[in-house]
Each structure stands twice: as structure tokens, then as C-alpha cells.
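*Asks:* Can you read through this structure? Questions will come right after.
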Amino acid sequence: MEKLMKLLGEYNGTLTLKVAKANGINVKTLEDFVKKGILDRDVPGVYTKSGEFPDEFYMLQQKFTKGIFSHETALFLYGLTDVNPDRYVLTFPRGYNNPNLKQYFVQPKHVKVEVYSLGIATMESPNGNEIRVYNLEKTMCDMWKKSYKADYYVKIEALKKYMERPDKNLFRLLEYAEMLKIGTDLKMAVEVLNQ
């Protein structure tokens, strides 16, 4: 029990079966704790302290390991939008399919492998667990891609907030925009906001 509580503390209240097994805690023990009301099993293979909210970002990434948080979800994680997402946008390599995505309110985006691997970063979820998300510049490009129908207000406000950040990288943003064939709208908006 002490080891379990230590792990729950280490992982901010959300524990995966994989981490539990790596630390000598088996499935039967976890299920016993669920029956006793000490743990909740929110999704198969992910446990939280009973009565606590799960780290949904961490939980989703443990469930869909190839998913990278992107688009509006990444904007939210970076604090570039005040709009609370009603779904989680995750990007997957083309060819990936999981029938459970809809059940977990995941809006999947599928891209070529070389685009999928561009700009992957890590950050802490709102609960403090490490998750994978596209970097700021890739996120901006995803939002400004012509084929993606983003809310204009959301993407303009996000770009304004991005331009105010000390960690912005305009060179990388414009480099990504060219590589990903984003078009001139993003470049023109950057020029206007950079004056």
C-alpha cells in the first residue's frame, strides 16, 4: 500500500498499469484496491486515487500512445486560448486507427510520418504529468493550414498571444510554414503583428 501511494504521489494521482508492473505491483493488487474503494479505474490500464479527478491528458496519451496533442488542444495547453476544448485533438501517423477514439472524445488528425514527427515536444499536463504535444510553431502552423477549418477568432487570438511570448521562435515558425505549405496568410499576419 505504501509503494502504491508513493507512486500515486509521484504521478500526480494517476497511475498506469505499465508503471505499476514496473514497480512490482500486479493487476490483481490494483483490482483489489479498486474493490476496496482505494482506487478508481477510469479506463482499462489507468488508475486514480478514489474520488480524485484523473489527469485526462496523461490518461489519453497512455491509452493512445501514438497520439500527440495538437491544434486547439495544444493551444489550450500552451495558454494561447481561453476556449476550453470540448474534445481532445490528437495527431497520429497516417494509417493509425483505433475504434475507441470517439468514445474518449478524441478528434483524430492523420498526417504523413515525416509531418507527424516534426515539432514533437514534451510539457507538463495541468496535473503535472509529462505529455507529448507539438511545439508552439508546429501548433500555429496546424491552426493556419488552409485545409483545417479553425475558428478565425481563435487562431488570431492565439497568434497574438504567441507573438507576445518570450520563447517564440519566428524563424522556426516561418521555416515550418514553408515546409508544410501553409500559404501566405500566416506570414502576413505575423508581419502585421510584428510591427
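Identifiers for the C-alpha cells are assigned positionally: chains receive A, B, ... in sequence, residues are indexed from 1 per chain, and ligands are indexed from 1 in the order shown.
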Just asking: which residues within region 29-190 of chain A are strand (DSSP E or B) according to DSSP, as a PyMOL selection string?
*Replies:* chain A and resi 39-43+46-49+68-69+88-93+106-111+120-124+130-134
*Asks:* DSSP says helix (DSSP H, G or I) for which residues of region 122-158 of chain A? Put them as an MDAnalysis selection string?
*Replies:* chainID A and resid 136:144 152:158
*Asks:* Nearest to Met143 (chain A): which of A:Asp185, A:Asp32, A:Asp86, A:Glu2 is it, counting only C-alpha atoms?
*Replies:* A:Asp185
*Asks:* So how many Å separate CA of Tyr104 (chain A) and CA of Val43 (chain A), to one decimal?
*Replies:*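 CA of Val43 (chain A) lies 9.5 Å from CA of Tyr104 (chain A).
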*Asks:* Within 9 Å of Cys141 (chain A), counting only C-alpha atoms, which residues show up once you throw out same-chain ones fewer than 2 positions away? Write them as number ranges by chain, please.
*Replies:* A: 71, 136-139, 143-145, 173-174, 176-177, 180, 182, 186
*Asks:* Emit the selected residues as an mmCIF file, in the first residue's frame, including N, CA and C atoms.
*Replies:*
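Listing of out.cif after writing:
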data_model
loop_
_atom_site.group_PDB
_atom_site.id
_atom_site.type_symbol
_atom_site.label_atom_id
_atom_site.label_comp_id
_atom_site.auth_asym_id
_atom_site.auth_seq_id
_atom_site.Cartn_x
_atom_site.Cartn_y
_atom_site.Cartn_z
ATOM 1 N N HIS A 71 -3.389 21.152 -32.429
ATOM 2 C CA HIS A 71 -4.470 22.077 -32.778
ATOM 3 C C HIS A 71 -5.019 22.803 -31.539
ATOM 4 N N LEU A 136 5.191 25.085 -30.084
ATOM 5 C CA LEU A 136 4.381 26.270 -30.398
ATOM 6 C C LEU A 136 4.271 26.523 -31.898
ATOM 7 N N GLU A 137 5.395 26.418 -32.590
ATOM 8 C CA GLU A 137 5.430 26.754 -34.018
ATOM 9 C C GLU A 137 4.646 25.748 -34.854
ATOM 10 N N LYS A 138 4.768 24.471 -34.546
ATOM 11 C CA LYS A 138 4.003 23.451 -35.280
ATOM 12 C C LYS A 138 2.511 23.631 -34.997
ATOM 13 N N THR A 139 2.188 23.969 -33.757
ATOM 14 C CA THR A 139 0.787 24.208 -33.389
ATOM 15 C C THR A 139 0.205 25.370 -34.187
ATOM 16 N N MET A 143 -2.885 25.181 -37.003
ATOM 17 C CA MET A 143 -4.091 26.010 -36.918
ATOM 18 C C MET A 143 -4.305 26.843 -38.180
ATOM 19 N N TRP A 144 -3.232 27.235 -38.851
ATOM 20 C CA TRP A 144 -3.330 28.113 -40.021
ATOM 21 C C TRP A 144 -3.349 27.359 -41.347
ATOM 22 N N LYS A 145 -3.273 26.044 -41.286
ATOM 23 C CA LYS A 145 -3.315 25.258 -42.523
ATOM 24 C C LYS A 145 -4.675 25.463 -43.194
ATOM 25 N N LEU A 173 8.995 29.217 -36.956
ATOM 26 C CA LEU A 173 7.604 29.312 -37.403
ATOM 27 C C LEU A 173 7.536 29.463 -38.920
ATOM 28 N N LEU A 174 8.313 30.378 -39.459
ATOM 29 C CA LEU A 174 8.283 30.613 -40.909
ATOM 30 C C LEU A 174 8.910 29.452 -41.677
ATOM 31 N N TYR A 176 8.793 26.233 -40.681
ATOM 32 C CA TYR A 176 7.745 25.207 -40.667
ATOM 33 C C TYR A 176 6.638 25.557 -41.657
ATOM 34 N N ALA A 177 6.241 26.823 -41.681
ATOM 35 C CA ALA A 177 5.160 27.257 -42.577
ATOM 36 C C ALA A 177 5.517 26.959 -44.023
ATOM 37 N N LEU A 180 5.572 23.032 -44.553
ATOM 38 C CA LEU A 180 4.229 22.450 -44.509
ATOM 39 C C LEU A 180 3.269 23.081 -45.510
ATOM 40 N N ILE A 182 1.929 26.137 -45.768
ATOM 41 C CA ILE A 182 0.810 26.762 -45.066
ATOM 42 C C ILE A 182 0.174 27.878 -45.881
ATOM 43 N N LEU A 186 -0.588 33.158 -42.821
ATOM 44 C CA LEU A 186 0.150 33.156 -41.559
ATOM 45 C C LEU A 186 1.304 34.150 -41.613
#
*Asks:* For a quick check of understanding, using only C-alpha atoms, which of A:Leu17, A:Val133, A:Val106, A:Met59 has the smallest distance to Ala74 (chain A)?
*Replies:*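 Among the listed residues, the smallest separation from Ala74 (chain A) belongs to A:Val133.
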*Asks:* Write out as a VMD selection string which residues come within 6 Å of Leu15 (chain A) when counting only C-alpha atoms, dropping same-chain ones fewer than 6 positions away.
*Replies:* chain A and resid 8 46 to 47
*Asks:* Give me, as a ChimeraX atom specification, all polymer residues having an atom no more than 12 Å from Met5 (chain A), counting only C-alpha atoms and skipping those fewer than 3 positions away in the same chain.
*Replies:* /A:1-2,8-15,20,25,30,33,38-39,47-50
*Asks:* Filtering to N, CA and C atoms, could you give me those residues as an mmCIF file, in the first residue's frame?
*Replies:*
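See out.cif below for the written result:
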data_model
loop_
_atom_site.group_PDB
_atom_site.id
_atom_site.type_symbol
_atom_site.label_atom_id
_atom_site.label_comp_id
_atom_site.auth_asym_id
_atom_site.auth_seq_id
_atom_site.Cartn_x
_atom_site.Cartn_y
_atom_site.Cartn_z
ATOM 1 N N MET A 1 0.833 -1.200 0.000
ATOM 2 C CA MET A 1 0.000 0.000 0.000
ATOM 3 C C MET A 1 0.874 1.259 0.000
ATOM 4 N N GLU A 2 1.964 1.217 0.770
ATOM 5 C CA GLU A 2 2.857 2.378 0.851
ATOM 6 C C GLU A 2 3.493 2.668 -0.511
ATOM 7 N N LEU A 8 1.437 6.914 -6.695
ATOM 8 C CA LEU A 8 0.338 7.838 -6.995
ATOM 9 C C LEU A 8 0.776 9.281 -6.752
ATOM 10 N N GLY A 9 1.568 9.491 -5.724
ATOM 11 C CA GLY A 9 2.101 10.830 -5.462
ATOM 12 C C GLY A 9 3.073 11.267 -6.541
ATOM 13 N N GLU A 10 3.921 10.332 -6.957
ATOM 14 C CA GLU A 10 4.928 10.610 -7.987
ATOM 15 C C GLU A 10 4.285 10.954 -9.330
ATOM 16 N N TYR A 11 3.164 10.297 -9.637
ATOM 17 C CA TYR A 11 2.479 10.506 -10.917
ATOM 18 C C TYR A 11 1.212 11.349 -10.754
ATOM 19 N N ASN A 12 1.204 12.179 -9.729
ATOM 20 C CA ASN A 12 0.136 13.165 -9.531
ATOM 21 C C ASN A 12 -1.264 12.567 -9.508
ATOM 22 N N GLY A 13 -1.386 11.415 -8.853
ATOM 23 C CA GLY A 13 -2.693 10.803 -8.650
ATOM 24 C C GLY A 13 -3.183 9.900 -9.758
ATOM 25 N N THR A 14 -2.427 9.765 -10.846
ATOM 26 C CA THR A 14 -2.829 8.905 -11.965
ATOM 27 C C THR A 14 -1.733 7.884 -12.216
ATOM 28 N N LEU A 15 -2.082 6.611 -12.166
ATOM 29 C CA LEU A 15 -1.097 5.538 -12.295
ATOM 30 C C LEU A 15 -1.498 4.588 -13.417
ATOM 31 N N ALA A 20 2.846 0.580 -12.751
ATOM 32 C CA ALA A 20 2.624 -0.260 -11.571
ATOM 33 C C ALA A 20 3.403 -1.572 -11.689
ATOM 34 N N ILE A 25 3.952 -4.026 -8.734
ATOM 35 C CA ILE A 25 2.541 -4.089 -8.333
ATOM 36 C C ILE A 25 1.766 -4.731 -9.476
ATOM 37 N N LEU A 30 -3.988 -4.172 -7.904
ATOM 38 C CA LEU A 30 -4.693 -2.948 -8.303
ATOM 39 C C LEU A 30 -6.203 -3.150 -8.275
ATOM 40 N N PHE A 33 -7.556 -3.102 -4.817
ATOM 41 C CA PHE A 33 -7.685 -1.725 -4.322
ATOM 42 C C PHE A 33 -8.909 -1.031 -4.929
ATOM 43 N N ILE A 38 -10.198 2.151 -2.775
ATOM 44 C CA ILE A 38 -8.988 2.969 -2.632
ATOM 45 C C ILE A 38 -8.610 3.595 -3.970
ATOM 46 N N LEU A 39 -8.861 2.843 -5.048
ATOM 47 C CA LEU A 39 -8.554 3.304 -6.405
ATOM 48 C C LEU A 39 -9.804 3.298 -7.269
ATOM 49 N N TYR A 47 -5.358 3.998 -13.456
ATOM 50 C CA TYR A 47 -5.978 4.072 -12.132
ATOM 51 C C TYR A 47 -5.718 5.434 -11.493
ATOM 52 N N THR A 48 -6.692 5.878 -10.682
ATOM 53 C CA THR A 48 -6.514 7.114 -9.914
ATOM 54 C C THR A 48 -6.940 6.861 -8.477
ATOM 55 N N LYS A 49 -6.495 7.740 -7.587
ATOM 56 C CA LYS A 49 -6.968 7.678 -6.204
ATOM 57 C C LYS A 49 -8.476 7.848 -6.227
ATOM 58 N N SER A 50 -9.149 7.077 -5.413
ATOM 59 C CA SER A 50 -10.605 7.127 -5.368
ATOM 60 C C SER A 50 -11.099 8.542 -5.077
#
*Asks:* Can you measure CA of Arg94 (chain A) to CA of Tyr116 (chain A) for me? One decimal in Å is fine.
*Replies:* 8.4 Å
*Asks:* Which of these residues is nearest to Glu157 (chain A), using only C-alpha atoms: A:Lys21, A:Leu101, A:Met179, A:Met140?
*Replies:*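 Looking at the shortest contact to Glu157 (chain A), the residue is A:Met140.
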*Asks:* For Glu72 (chain A), which residue out of A:Asp42, A:Glu130, A:Asp142, A:Asp167 is the nearest one, using only C-alpha atoms?
*Replies:*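 With only C-alpha atoms as the atom set, the closest residue is A:Asp142.
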*Asks:* With distances taken over only C-alpha atoms, which residue among A:Ala22, A:Val89, A:Ile68, A:Val83 lies nearest Ala121 (chain A)?
*Replies:*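 Between A:Ala22, A:Val89, A:Ile68, A:Val83, the residue approaching Ala121 (chain A) most closely is A:Ile68.
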*Asks:* Counting only C-alpha atoms, which of A:Ala189, A:Leu77, A:Val19, A:Leu90 gets nearest to Phe64 (chain A)?
*Replies:* A:Leu90
